[in-house]
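Coordinates as given in entry.txt (compact mmCIF, C-alpha atoms):
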```txt
# COMPACT_ATOMS: atom_id res chain seq x y z
CA MET A 142 23.82 -58.01 24.26
CA SER A 143 23.60 -55.05 21.91
CA ARG A 144 25.12 -51.69 22.68
CA PRO A 145 23.14 -48.40 22.51
CA PRO A 146 22.07 -47.39 18.98
CA GLU A 147 24.30 -44.87 17.25
CA ASP A 148 21.46 -43.49 15.09
CA GLN A 149 17.73 -43.48 15.80
CA GLY A 150 16.93 -43.52 12.08
CA ALA A 151 13.62 -42.47 10.54
CA PRO A 152 10.33 -42.11 12.42
CA ILE A 153 8.02 -45.12 12.09
CA THR A 154 4.78 -44.25 10.33
CA ASP A 155 3.43 -47.70 9.39
CA LYS A 156 4.10 -51.42 9.54
CA ALA A 157 5.41 -51.46 5.97
CA GLN A 158 8.62 -49.80 7.20
CA LEU A 159 9.20 -52.66 9.62
CA ILE A 160 8.75 -55.25 6.88
CA GLU A 161 11.09 -53.27 4.63
CA TRP A 162 13.69 -53.22 7.43
CA PHE A 163 13.95 -57.00 7.11
CA SER A 164 13.57 -57.22 3.33
CA SER A 165 16.34 -54.65 2.83
CA ALA A 166 18.77 -57.23 4.23
CA VAL A 167 18.41 -59.51 1.19
CA LYS A 168 21.84 -60.00 -0.46
CA PRO A 169 23.12 -61.81 -3.56
CA ARG A 170 25.19 -64.89 -2.77
CA ASP A 171 28.49 -63.27 -3.64
CA ARG A 172 27.91 -60.81 -0.79
CA TRP A 173 27.05 -63.39 1.86
CA ARG A 174 29.26 -63.22 4.92
CA ILE A 175 29.81 -65.09 8.18
CA GLY A 176 29.60 -63.37 11.57
CA THR A 177 30.59 -65.37 14.66
CA GLU A 178 29.93 -64.37 18.28
CA HIS A 179 31.08 -66.06 21.45
CA GLU A 180 30.86 -65.37 25.17
CA LYS A 181 33.11 -66.44 28.04
CA PHE A 182 33.21 -66.11 31.82
CA ALA A 183 35.85 -63.80 33.30
CA PHE A 184 37.25 -64.89 36.67
CA ARG A 185 40.05 -64.19 39.14
CA LEU A 186 42.80 -66.83 39.17
CA SER A 187 43.47 -66.53 42.90
CA ASP A 188 39.97 -67.47 44.10
CA LEU A 189 38.09 -68.39 40.89
CA LYS A 190 35.48 -65.70 41.58
CA ARG A 191 33.69 -63.98 38.71
CA LEU A 192 35.00 -60.49 38.07
CA PRO A 193 33.10 -57.34 39.01
CA TYR A 194 33.19 -54.38 36.69
CA GLU A 195 35.14 -52.25 39.15
CA GLY A 196 38.67 -52.64 40.46
CA SER A 197 42.21 -52.99 39.20
CA ASP A 198 41.48 -56.51 37.94
CA GLY A 199 37.84 -55.97 36.99
CA ILE A 200 36.01 -56.08 33.68
CA GLY A 201 36.48 -52.34 33.21
CA ALA A 202 40.24 -52.72 33.62
CA ILE A 203 40.31 -55.49 31.00
CA LEU A 204 38.40 -53.33 28.53
CA ASP A 205 40.73 -50.40 29.13
CA ALA A 206 43.82 -52.58 28.70
CA LEU A 207 42.57 -53.98 25.40
CA THR A 208 42.65 -50.49 23.85
CA ARG A 209 46.41 -51.03 23.35
CA PHE A 210 45.45 -53.28 20.41
CA GLY A 211 43.51 -50.52 18.66
CA TRP A 212 40.08 -51.09 20.21
CA GLU A 213 38.02 -47.91 20.61
CA PRO A 214 35.89 -47.55 23.77
CA ILE A 215 32.13 -47.05 23.77
CA LYS A 216 30.85 -45.30 26.87
CA GLU A 217 27.65 -45.33 28.86
CA GLY A 218 28.05 -42.44 31.26
CA ASP A 219 31.61 -42.63 32.58
CA ASN A 220 31.92 -46.37 32.05
CA THR A 221 33.40 -48.19 29.08
CA ILE A 222 30.76 -50.81 28.29
CA ALA A 223 31.96 -51.96 24.85
CA LEU A 224 34.85 -51.77 22.40
CA THR A 225 34.90 -51.59 18.62
CA HIS A 226 37.65 -52.19 16.06
CA GLY A 227 37.75 -53.18 12.41
CA GLY A 228 34.13 -54.29 12.15
CA CYS A 229 34.31 -56.26 15.42
CA ALA A 230 32.88 -55.40 18.81
CA ILE A 231 33.48 -56.55 22.37
CA THR A 232 30.37 -56.25 24.50
CA LEU A 233 29.33 -57.27 28.01
CA GLU A 234 26.55 -59.57 29.10
CA PRO A 235 24.80 -58.65 32.37
CA GLY A 236 27.05 -60.72 34.65
CA GLY A 237 30.25 -59.63 32.96
CA GLN A 238 30.37 -62.37 30.36
CA PHE A 239 32.85 -61.16 27.77
CA GLU A 240 31.53 -61.33 24.20
CA LEU A 241 33.33 -60.99 20.88
CA SER A 242 30.97 -60.05 18.04
CA GLY A 243 33.05 -60.77 14.99
CA ALA A 244 33.21 -58.86 11.72
CA PRO A 245 31.28 -60.13 8.67
CA LEU A 246 33.87 -62.36 6.97
CA ASP A 247 34.07 -64.32 3.73
CA ASN A 248 35.27 -67.67 5.05
CA LEU A 249 35.88 -69.81 8.09
CA HIS A 250 39.67 -69.50 7.90
CA GLN A 251 39.22 -65.78 8.53
CA THR A 252 36.73 -66.50 11.30
CA CYS A 253 39.17 -68.74 13.17
CA SER A 254 42.00 -66.27 12.69
CA GLU A 255 39.78 -63.57 14.18
CA VAL A 256 38.93 -65.77 17.19
CA HIS A 257 42.59 -66.72 17.65
CA THR A 258 43.71 -63.08 17.58
CA HIS A 259 41.03 -62.04 20.06
CA LEU A 260 41.84 -64.84 22.51
CA ALA A 261 45.57 -64.05 22.29
CA GLN A 262 44.85 -60.42 23.18
CA VAL A 263 42.60 -61.46 26.05
CA ARG A 264 45.21 -63.91 27.38
CA GLU A 265 47.89 -61.22 27.34
CA VAL A 266 45.77 -58.76 29.29
CA CYS A 267 44.37 -61.37 31.68
CA GLY A 268 47.88 -62.69 32.34
CA GLU A 269 48.93 -59.26 33.53
CA LEU A 270 45.87 -58.85 35.77
CA GLY A 271 45.79 -62.33 37.29
CA THR A 272 42.49 -63.19 35.61
CA GLY A 273 41.25 -65.77 33.16
CA MET A 274 38.41 -66.54 30.73
CA LEU A 275 36.42 -69.78 30.93
CA GLY A 276 34.70 -71.62 28.06
CA LEU A 277 31.49 -73.25 29.30
CA GLY A 278 27.78 -72.81 28.67
CA PHE A 279 26.78 -72.21 32.30
CA ASP A 280 28.78 -70.98 35.28
CA PRO A 281 29.82 -74.19 37.05
CA LYS A 282 30.30 -72.78 40.55
CA TRP A 283 28.89 -69.41 41.48
CA THR A 284 25.39 -68.40 42.57
CA ARG A 285 23.36 -65.47 41.30
CA GLU A 286 24.28 -63.54 44.44
CA ASP A 287 28.01 -64.14 43.88
CA ILE A 288 27.92 -62.35 40.53
CA GLY A 289 27.64 -58.59 40.15
CA TRP A 290 25.84 -56.57 37.46
CA MET A 291 27.51 -54.66 34.68
CA PRO A 292 26.79 -50.88 34.61
CA LYS A 293 24.45 -50.88 31.61
CA GLY A 294 21.06 -49.21 31.96
CA ARG A 295 19.09 -51.80 30.02
CA TYR A 296 20.11 -54.52 32.46
CA GLY A 297 18.48 -52.75 35.39
CA ILE A 298 15.15 -52.81 33.54
CA MET A 299 15.53 -56.44 32.48
CA LYS A 300 16.49 -57.72 35.94
CA ARG A 301 13.33 -56.17 37.40
CA TYR A 302 11.08 -57.57 34.68
CA MET A 303 12.56 -61.05 34.16
CA PRO A 304 11.35 -62.59 37.44
CA THR A 305 7.77 -61.64 36.56
CA LYS A 306 7.87 -63.94 33.52
CA GLY A 307 9.97 -66.98 34.51
CA ASN A 308 12.15 -68.50 37.19
CA LEU A 309 15.47 -68.62 35.33
CA GLY A 310 15.70 -65.26 33.54
CA ILE A 311 18.28 -63.89 35.96
CA ASP A 312 20.34 -67.06 35.44
CA MET A 313 20.15 -66.47 31.70
CA MET A 314 21.46 -62.96 32.19
CA LYS A 315 24.25 -63.72 34.65
CA ARG A 316 25.30 -67.33 34.26
CA THR A 317 25.09 -68.43 30.60
CA CYS A 318 27.50 -68.28 27.68
CA THR A 319 26.95 -69.25 24.05
CA VAL A 320 28.57 -69.31 20.63
CA GLN A 321 26.48 -68.30 17.63
CA VAL A 322 26.85 -67.61 13.93
CA ASN A 323 25.06 -64.97 11.85
CA LEU A 324 24.23 -65.76 8.23
CA ASP A 325 22.73 -63.99 5.21
CA PHE A 326 19.86 -64.86 2.84
CA GLU A 327 19.22 -64.04 -0.83
CA SER A 328 15.44 -63.65 -0.81
CA GLU A 329 12.42 -63.90 1.44
CA ALA A 330 11.86 -67.48 0.28
CA ASP A 331 15.48 -68.31 1.07
CA MET A 332 15.09 -66.82 4.54
CA VAL A 333 11.97 -68.92 5.14
CA GLU A 334 13.68 -72.16 4.15
CA LYS A 335 16.79 -71.33 6.17
CA TYR A 336 14.67 -70.48 9.20
CA ARG A 337 12.78 -73.77 8.99
CA ILE A 338 15.90 -75.89 8.54
CA SER A 339 17.88 -74.19 11.29
CA LEU A 340 14.99 -74.19 13.78
CA ALA A 341 14.31 -77.88 13.13
CA LEU A 342 17.99 -78.86 13.45
CA GLN A 343 18.86 -76.52 16.31
CA PRO A 344 18.34 -79.24 18.98
CA LEU A 345 20.94 -81.33 17.18
CA ALA A 346 23.42 -78.46 17.44
CA THR A 347 22.53 -78.07 21.11
CA ALA A 348 23.37 -81.74 21.66
CA LEU A 349 26.67 -81.64 19.76
CA PHE A 350 27.79 -78.56 21.71
CA ALA A 351 26.28 -79.48 25.11
CA ASN A 352 28.88 -78.22 27.58
CA SER A 353 27.14 -77.07 30.75
CA PRO A 354 26.42 -79.97 33.12
CA PHE A 355 27.14 -78.22 36.43
CA TYR A 356 25.08 -76.02 38.74
CA GLU A 357 26.63 -74.39 41.80
CA GLY A 358 29.43 -76.91 42.06
CA LYS A 359 27.52 -80.12 41.37
CA PRO A 360 26.03 -82.01 38.41
CA SER A 361 22.71 -80.43 37.48
CA GLY A 362 21.08 -83.44 35.85
CA PHE A 363 21.33 -81.68 32.49
CA LEU A 364 24.00 -81.87 29.80
CA SER A 365 23.16 -78.35 28.66
CA PHE A 366 21.82 -76.47 31.63
CA ARG A 367 22.21 -73.31 29.56
CA SER A 368 19.67 -74.64 27.09
CA HIS A 369 17.32 -75.64 29.90
CA VAL A 370 17.48 -72.11 31.31
CA TRP A 371 15.78 -70.74 28.20
CA THR A 372 12.74 -72.95 28.80
CA ASP A 373 11.89 -70.97 31.95
CA THR A 374 13.03 -67.44 31.05
CA ASP A 375 10.09 -65.72 29.32
CA PRO A 376 7.46 -67.54 27.23
CA ASP A 377 6.64 -64.30 25.38
CA ARG A 378 10.06 -64.15 23.74
CA CYS A 379 11.48 -67.69 23.78
CA GLY A 380 10.50 -71.02 22.26
CA MET A 381 10.30 -72.92 18.98
CA LEU A 382 7.89 -70.62 17.04
CA PRO A 383 5.53 -73.12 15.34
CA PHE A 384 4.25 -70.41 12.96
CA VAL A 385 7.60 -70.50 11.15
CA PHE A 386 6.51 -73.84 9.64
CA GLU A 387 3.06 -72.61 8.59
CA ASP A 388 2.08 -71.59 5.07
CA GLY A 389 2.46 -67.86 4.56
CA PHE A 390 5.40 -67.37 6.87
CA GLY A 391 7.68 -64.53 5.79
CA PHE A 392 8.88 -61.09 6.80
CA GLU A 393 5.39 -59.75 7.54
CA ARG A 394 4.44 -62.69 9.76
CA TYR A 395 7.66 -62.25 11.72
CA VAL A 396 6.96 -58.53 12.12
CA ASP A 397 3.51 -59.35 13.48
CA TYR A 398 5.10 -61.71 15.99
CA LEU A 399 7.59 -59.06 17.13
CA LEU A 400 4.86 -56.46 17.50
CA ASP A 401 3.15 -58.79 19.96
CA VAL A 402 6.31 -59.34 22.04
CA PRO A 403 6.27 -56.97 25.04
CA MET A 404 8.94 -54.27 25.06
CA TYR A 405 11.72 -53.78 27.62
CA PHE A 406 12.86 -50.18 27.09
CA ILE A 407 13.45 -47.24 24.79
CA TYR A 408 16.75 -45.34 24.66
CA ARG A 409 16.69 -41.56 24.81
CA ASP A 410 19.23 -38.89 25.81
CA ASP A 411 21.85 -41.44 26.86
CA SER A 412 19.51 -43.31 29.18
CA TYR A 413 16.96 -46.13 29.09
CA ILE A 414 13.25 -45.56 29.76
CA ASP A 415 11.45 -48.50 31.34
CA VAL A 416 8.50 -49.66 29.23
CA ALA A 417 8.78 -53.32 30.20
CA GLY A 418 5.70 -55.33 29.32
CA LYS A 419 4.24 -52.63 27.10
CA SER A 420 3.15 -52.85 23.46
CA PHE A 421 5.32 -51.71 20.57
CA ARG A 422 2.09 -51.22 18.61
CA ASP A 423 0.96 -48.66 21.19
CA PHE A 424 4.38 -47.03 21.09
CA MET A 425 4.13 -46.69 17.30
CA ALA A 426 0.63 -45.25 17.63
CA GLY A 427 1.78 -42.69 20.20
CA THR A 428 -0.62 -44.03 22.86
CA LEU A 429 1.91 -45.50 25.29
CA PRO A 430 1.77 -43.35 28.47
CA GLU A 431 5.26 -44.33 29.62
CA ALA A 432 6.67 -43.02 26.33
CA ALA A 433 4.62 -39.85 26.14
CA GLY A 434 6.36 -37.26 23.99
CA HIS A 435 8.63 -39.80 22.31
CA THR A 436 8.23 -40.78 18.67
CA ALA A 437 8.96 -44.37 17.67
CA PHE A 438 12.02 -44.52 15.41
CA MET A 439 13.54 -47.34 13.38
CA GLY A 440 16.37 -47.43 15.92
CA ASP A 441 13.78 -48.44 18.52
CA TRP A 442 12.64 -51.24 16.22
CA SER A 443 16.22 -52.42 15.75
CA ASP A 444 16.61 -52.49 19.54
CA HIS A 445 13.32 -54.37 19.96
CA THR A 446 14.45 -57.14 17.59
CA THR A 447 17.32 -57.90 20.00
CA THR A 448 14.95 -58.56 22.92
CA VAL A 449 13.51 -61.83 21.62
CA PHE A 450 15.46 -64.97 22.43
CA GLN A 451 14.42 -67.79 20.12
CA GLU A 452 16.73 -70.64 19.17
CA VAL A 453 16.97 -68.95 15.76
CA ARG A 454 16.53 -65.18 15.59
CA LEU A 455 15.93 -62.99 12.57
CA LYS A 456 17.44 -59.53 12.37
CA LYS A 457 19.15 -58.21 9.23
CA TYR A 458 20.73 -61.66 9.20
CA MET A 459 19.85 -64.98 10.81
CA GLU A 460 21.35 -65.93 14.17
CA MET A 461 21.88 -69.59 15.15
CA ARG A 462 21.66 -69.47 18.95
CA GLY A 463 21.42 -73.05 20.23
CA ALA A 464 25.01 -73.90 21.24
CA ASP A 465 26.90 -73.76 24.53
CA GLY A 466 30.17 -71.88 24.75
CA GLY A 467 33.30 -74.00 24.65
CA PRO A 468 36.93 -74.31 23.59
CA TRP A 469 38.58 -72.66 20.58
CA ASN A 470 38.01 -75.52 18.13
CA ARG A 471 34.28 -75.63 18.84
CA LEU A 472 34.03 -71.85 18.41
CA CYS A 473 35.17 -72.50 14.84
CA ALA A 474 33.03 -75.63 14.42
CA LEU A 475 29.70 -73.92 15.09
CA PRO A 476 29.87 -71.60 12.06
CA ALA A 477 31.30 -74.47 10.01
CA LEU A 478 28.19 -76.56 10.74
CA TRP A 479 25.69 -73.93 9.68
CA VAL A 480 27.67 -72.48 6.76
CA GLY A 481 28.06 -75.99 5.40
CA LEU A 482 24.33 -76.63 5.64
CA LEU A 483 23.01 -73.26 4.46
CA TYR A 484 25.53 -71.63 2.10
CA ASP A 485 25.32 -74.14 -0.76
CA LYS A 486 21.92 -74.33 -2.45
CA GLY A 487 22.10 -78.02 -3.25
CA VAL A 488 23.04 -78.99 0.29
CA GLN A 489 20.45 -76.62 1.73
CA ASP A 490 17.80 -78.38 -0.36
CA GLN A 491 18.98 -81.75 0.97
CA ALA A 492 18.89 -80.46 4.54
CA TRP A 493 15.30 -79.32 4.02
CA GLN A 494 14.34 -82.71 2.61
CA LEU A 495 15.81 -84.30 5.73
CA CYS A 496 13.53 -82.42 8.13
CA ARG A 497 10.62 -81.02 6.13
CA ASP A 498 8.07 -83.60 7.38
CA TRP A 499 8.97 -83.26 11.07
CA THR A 500 5.91 -82.21 13.03
CA VAL A 501 5.55 -79.32 15.45
CA GLU A 502 5.18 -81.89 18.23
CA GLU A 503 8.46 -83.53 17.20
CA HIS A 504 10.24 -80.17 17.13
CA GLN A 505 9.07 -79.52 20.67
CA MET A 506 9.97 -83.01 21.85
CA LEU A 507 13.53 -82.57 20.63
CA ARG A 508 13.79 -79.13 22.19
CA ASP A 509 12.57 -80.46 25.54
CA ALA A 510 14.62 -83.67 25.61
CA VAL A 511 18.03 -82.57 24.34
CA PRO A 512 19.13 -80.38 27.29
CA ARG A 513 18.95 -83.41 29.56
CA ASP A 514 19.82 -86.33 27.29
CA GLY A 515 21.90 -84.86 24.47
CA LEU A 516 22.88 -87.21 21.65
CA LYS A 517 21.13 -90.15 23.33
CA VAL A 518 17.68 -88.76 22.51
CA GLU A 519 15.77 -91.24 20.33
CA PHE A 520 13.98 -89.76 17.34
CA ARG A 521 12.13 -91.78 14.70
CA GLY A 522 13.92 -94.97 15.71
CA ARG A 523 17.44 -93.52 15.69
CA SER A 524 19.62 -91.79 18.23
CA LEU A 525 20.39 -88.13 17.74
CA ALA A 526 24.04 -89.17 17.45
CA ASP A 527 23.16 -91.08 14.29
CA TRP A 528 21.09 -88.20 12.95
CA SER A 529 24.01 -85.88 13.59
CA LYS A 530 26.31 -88.02 11.44
CA ASP A 531 23.95 -87.51 8.50
CA VAL A 532 23.76 -83.77 9.11
CA LEU A 533 27.53 -83.46 9.46
CA ALA A 534 28.00 -85.31 6.18
CA LEU A 535 25.77 -82.73 4.50
CA ALA A 536 27.64 -79.86 6.12
CA ARG A 537 30.97 -81.32 5.01
CA GLU A 538 29.72 -81.53 1.44
CA GLY A 539 28.50 -77.93 1.58
CA LEU A 540 31.91 -76.72 2.77
CA ARG A 541 33.71 -78.83 0.16
CA ARG A 542 31.61 -77.26 -2.61
CA ARG A 543 32.41 -73.74 -1.37
CA ARG A 544 36.12 -74.30 -1.99
CA ARG A 545 37.31 -71.54 0.31
CA LEU A 546 40.99 -72.42 0.70
CA ASP A 547 43.61 -71.22 3.14
CA SER A 548 47.21 -70.42 2.22
CA SER A 549 48.09 -74.13 2.44
CA GLY A 550 45.29 -75.20 0.11
CA ASN A 551 43.00 -76.59 2.84
CA ASP A 552 39.27 -76.11 2.48
CA GLU A 553 36.91 -75.45 5.39
CA THR A 554 35.90 -79.06 6.09
CA GLY A 555 38.58 -79.52 8.74
CA PHE A 556 36.66 -77.28 11.12
CA LEU A 557 34.02 -80.02 11.41
CA SER A 558 36.46 -82.66 12.66
CA VAL A 559 35.78 -82.00 16.34
CA LEU A 560 32.06 -82.54 15.73
CA ASP A 561 32.71 -85.74 13.78
CA THR A 562 34.55 -87.07 16.82
CA ILE A 563 31.69 -86.15 19.15
CA ALA A 564 29.06 -87.71 16.88
CA ALA A 565 31.08 -90.91 16.43
CA SER A 566 31.45 -91.31 20.19
CA GLY A 567 27.81 -90.58 20.93
CA ARG A 568 29.00 -88.62 23.97
CA THR A 569 28.52 -84.90 24.40
CA PRO A 570 31.34 -82.70 25.74
CA ALA A 571 29.26 -82.41 28.93
CA GLU A 572 29.52 -86.16 29.51
CA GLU A 573 33.30 -85.91 29.25
CA LEU A 574 33.22 -83.20 31.90
CA LEU A 575 31.01 -85.28 34.17
CA GLU A 576 33.44 -88.18 33.87
CA ALA A 577 36.31 -85.87 34.83
CA TYR A 578 34.28 -84.58 37.78
CA GLU A 579 33.71 -88.12 39.09
CA SER A 580 37.34 -89.20 38.55
CA ARG A 581 40.37 -86.96 38.29
CA TRP A 582 38.62 -83.80 39.54
CA GLY A 583 37.67 -85.50 42.81
CA ARG A 584 34.01 -84.37 42.62
CA SER A 585 35.02 -80.69 42.46
CA VAL A 586 34.36 -78.26 39.62
CA ASP A 587 37.37 -76.11 40.50
CA PRO A 588 39.71 -77.91 38.06
CA ALA A 589 37.42 -76.79 35.23
CA PHE A 590 38.68 -73.25 35.66
CA GLU A 591 42.18 -74.38 34.70
CA GLU A 592 41.44 -77.11 32.17
CA LEU A 593 38.83 -75.07 30.26
CA ARG A 594 40.56 -71.68 30.48
CA TYR A 595 41.26 -70.04 27.13
```

Let's see the structure in the file written out as structure tokens.
Amino acid sequence: MSRPPEDQGAPITDKAQLIEWFSSAVKPRDRWRIGTEHEKFAFRLSDLKRLPYEGSDGIGAILDALTRFGWEPIKEGDNTIALTHGGCAITLEPGGQFELSGAPLDNLHQTCSEVHTHLAQVREVCGELGTGMLGLGFDPKWTREDIGWMPKGRYGIMKRYMPTKGNLGIDMMKRTCTVQVNLDFESEADMVEKYRISLALQPLATALFANSPFYEGKPSGFLSFRSHVWTDTDPDRCGMLPFVFEDGFGFERYVDYLLDVPMYFIYRDDSYIDVAGKSFRDFMAGTLPEAAGHTAFMGDWSDHTTTVFQEVRLKKYMEMRGADGGPWNRLCALPALWVGLLYDKGVQDQAWQLCRDWTVEEHQMLRDAVPRDGLKVEFRGRSLADWSKDVLALAREGLRRRRRLDSSGNDETGFLSVLDTIAASGRTPAEELLEAYESRWGRSVDPAFEELRY
């Protein structure tokens, strides 16, 4: 989740400013960067319980201890709710999920070094406090009631509003973890093609990274319960966005969509004002009673763009959001997949040819089927495992063409190896966990906290 805006920016006077906000993000290829984010569950080693914010071994104590590595605290009231350092940020999800938002980097070698450094720092601090961090897409053991709320004002508004729109919104807030990558685009047309490719192929990524088969200590019936959660969170701000595939899609059409998504809040004077369910159009026009006396600023628009939760989200970059959290090598593999597909023009064109004739109904079928069946989903006479082999071959070629080498002369293709293994087996990581649950774990999820700890 985003932290409070540092600058409200200019007042909003017309829709053209909102379109320009997106179009100003266009960058030439030599300035394209890779930003990787990942979340993890913080828990106490002695009893496996999720950590509260408070206490000598709580989330707040972990944040404070991490300042020894040069992280600077960001406060909300008296509480440290985020850290920043060298272009990176550590932020908190509502249930205390610990998120690293990485710096914009040139290559995947740097990305994995960044992740490695962060996890080493977290392990050092957690080792001192008797805590750990878990890499899964959905909390395998604890109920909503077992998990506390982080002291961030926006979460109070969201937890009141979420249950009015879907049954699983609170689960999304408290019990899910993901890994995502943020990528650039060189023009509006390039953004459109990237959006269409990544939205079409997102179910394939969900299947390859499916890593959340448990619900309150037992198999849930899903391979990615995290992905299933989003289907019953809030129909106003989730889903596959069929209009992305329609003629005329671009920055303006996306702005129109966002203007129709109900708001959550506005941030003023170090606090959040509840405007949940209200119209941003009315806010811009100055006719929103709950925001009387407050002008709409571009900082409000930036905040509003973070409150939609599609599988692919557009901000001043594109976010690929379909993958479960998992171990270190898959945190590196997720950006490798999408950089390989979308950062070489020739490969991007081939990826578009692969999926350009898929129908809206087929997109939705894949989205609905993958959380339960993963790579075994049949699509156009082939399993998704077989489709994934084709997509991984394209991604490998895209990374090979980039020729970003480490100090030993290795390119970035090695980061895809873990996905090649998954695709070749036809078995998602979740199926491996279910096998462990039925055999060596003795039908208990508790061993996951040790085996999957960072």

Do you know which residues are at most 8 Å from Thr554 in chain A counting all atoms listed in the file, after dropping those on the same chain fewer than 2 positions away, and could you put them as a PyMOL selection string? chain A and resi 477+537+540-541+552+556-558

Calculated over only C-alpha atoms, which of the candidates A:Asn352, A:Gln262, A:Thr428, A:Gln489 has the smallest distance to Gly539 in chain A? A:Gln489

Residues near Glu503 in chain A, anyone? I mean within 12 Å using only C-alpha atoms, not counting same-chain ones fewer than 2 positions away, as an mmCIF file with C-alpha atoms, keeping the file's coordinate frame.
```cif
data_model
loop_
_atom_site.group_PDB
_atom_site.id
_atom_site.type_symbol
_atom_site.label_atom_id
_atom_site.label_comp_id
_atom_site.auth_asym_id
_atom_site.auth_seq_id
_atom_site.Cartn_x
_atom_site.Cartn_y
_atom_site.Cartn_z
ATOM 1 C CA LEU A 340 14.990 -74.190 13.780
ATOM 2 C CA ALA A 341 14.310 -77.880 13.130
ATOM 3 C CA LEU A 342 17.990 -78.860 13.450
ATOM 4 C CA PRO A 344 18.340 -79.240 18.980
ATOM 5 C CA MET A 381 10.300 -72.920 18.980
ATOM 6 C CA PRO A 383 5.530 -73.120 15.340
ATOM 7 C CA CYS A 496 13.530 -82.420 8.130
ATOM 8 C CA ARG A 497 10.620 -81.020 6.130
ATOM 9 C CA ASP A 498 8.070 -83.600 7.380
ATOM 10 C CA TRP A 499 8.970 -83.260 11.070
ATOM 11 C CA THR A 500 5.910 -82.210 13.030
ATOM 12 C CA VAL A 501 5.550 -79.320 15.450
ATOM 13 C CA GLN A 505 9.070 -79.520 20.670
ATOM 14 C CA MET A 506 9.970 -83.010 21.850
ATOM 15 C CA LEU A 507 13.530 -82.570 20.630
ATOM 16 C CA ARG A 508 13.790 -79.130 22.190
ATOM 17 C CA ASP A 509 12.570 -80.460 25.540
ATOM 18 C CA ALA A 510 14.620 -83.670 25.610
ATOM 19 C CA VAL A 511 18.030 -82.570 24.340
ATOM 20 C CA VAL A 518 17.680 -88.760 22.510
ATOM 21 C CA GLU A 519 15.770 -91.240 20.330
ATOM 22 C CA PHE A 520 13.980 -89.760 17.340
ATOM 23 C CA ARG A 521 12.130 -91.780 14.700
#
```

Nearest to Trp469 in chain A among A:Tyr595, A:Asn323, A:Ala330, A:Phe163, with distances taken over all atoms listed in the file: which residue is it?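 The closest residue to Trp469 in chain A is A:Tyr595.
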
Contact check, range 324-442 of chain A to range 147-155 of chain A, at most 10 Å, counting all atoms listed in the file, closest pairs as a tab-separated table:
```
residue	atom	partner	partner_atom	distance
A:Tyr408	CA	A:Gln149	CA	9.1
A:Arg409	CA	A:Gln149	CA	9.3
A:Arg422	CA	A:Asp155	CA	10.0
A:Phe424	CA	A:Ile153	CA	9.9
A:Met425	CA	A:Ile153	CA	6.7
A:Ala426	CA	A:Thr154	CA	8.5
A:Thr436	CA	A:Pro152	CA	6.7
A:Ala437	CA	A:Ile153	CA	5.7
A:Phe438	CA	A:Pro152	CA	4.2
A:Met439	CA	A:Gly150	CA	5.3
A:Gly440	CA	A:Gln149	CA	4.2
A:Asp441	CA	A:Gln149	CA	6.9
A:Trp442	CA	A:Ile153	CA	8.7
```

Which residues of range 143-225 of chain A sit at most 10 Å from range 256-259 of chain A, using all atoms listed in the file? Give each one's shortest atom pair and distance in Å (one decimal place), in chain and ascending residue order, as CSV.
```
residue,atom,partner,partner_atom,distance
A:Thr177,CA,A:Val256,CA,8.7
A:Glu178,CA,A:Val256,CA,9.2
A:His179,CA,A:Val256,CA,8.9
A:Leu207,CA,A:His259,CA,9.8
A:Phe210,CA,A:His259,CA,9.8
```

Would you list the contacts of Gly391 in chain A as a ChimeraX atom specification, taking every protein, DNA or RNA residue within 12 Å and counting all atoms listed in the file, but skipping same-chain residues closer than 5 positions in sequence? /A:160-161,163-164,328-337,384-386,396-398,455

Using all atoms listed in the file, the best pick from A:Asp247, A:Asp325, A:Asp198, A:Glu357 as closest to Glu286 in chain A would be A:Glu357

Residue neighbourhood range 358-368 of chain A, 10 Å, only C-alpha atoms, exclusion window fewer than 5 positions, as number ranges by chain: A: 277-284, 312-313, 316-319, 344, 347-348, 350-353, 373, 452, 462-466, 508-516, 569-572, 574-575, 578-579, 584-587

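Across A:Arg594, A:Lys530, A:Lys168, A:Arg545, the tightest approach to Pro468 in chain A is made by A:Arg594 when counting only C-alpha atoms.
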
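With all atoms listed in the file as the atoms that count, the minimum distance from Met404 in chain A to the choices A:Glu553, A:Tyr302, A:Gly380, A:Arg174 is reached by A:Tyr302.
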
Nearby residues (all atoms listed in the file) at most 9 Å from Tyr413 in chain A, same-chain spacing under 4 positions excluded, as a list in words: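 Returned residues: Gly294, Arg295, Ile298, Phe406, Ile407, Tyr408 and Arg409 of chain A.
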
Between A:Trp371, A:Tyr484, A:Trp528, A:Phe421, which residue has the minimum interatomic distance to Asp444 in chain A, considering only C-alpha atoms?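 Ranked by minimum distance to Asp444 in chain A, first place goes to A:Phe421.
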
Report, in Å to a single decimal, how far apart CA of Phe392 in chain A and CA of Tyr458 in chain A are.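 It comes out at 12.1 Å.
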
Two-atom distance - CA of Leu204 in chain A, CA of Glu255 in chain A (Å):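 Calculated distance between CA of Leu204 in chain A and CA of Glu255 in chain A is 17.7 Å.
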
CA of Thr374 in chain A and CA of Lys190 in chain A, how far apart in Å?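 Spanning CA of Lys190 in chain A to CA of Thr374 in chain A is a straight-line distance of 24.9 Å.
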
Taking (12.0, -55.5, 26.0) in the file's coordinates, which residues come within 8 Å, counting all atoms listed in the file, written as a list in words?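 Every residue inside that radius is included here: Met299, Val402, Pro403, Met404, Tyr405, Phe406, Val416, Ala417, Gly418, His445, Thr448 and Val449 of chain A.
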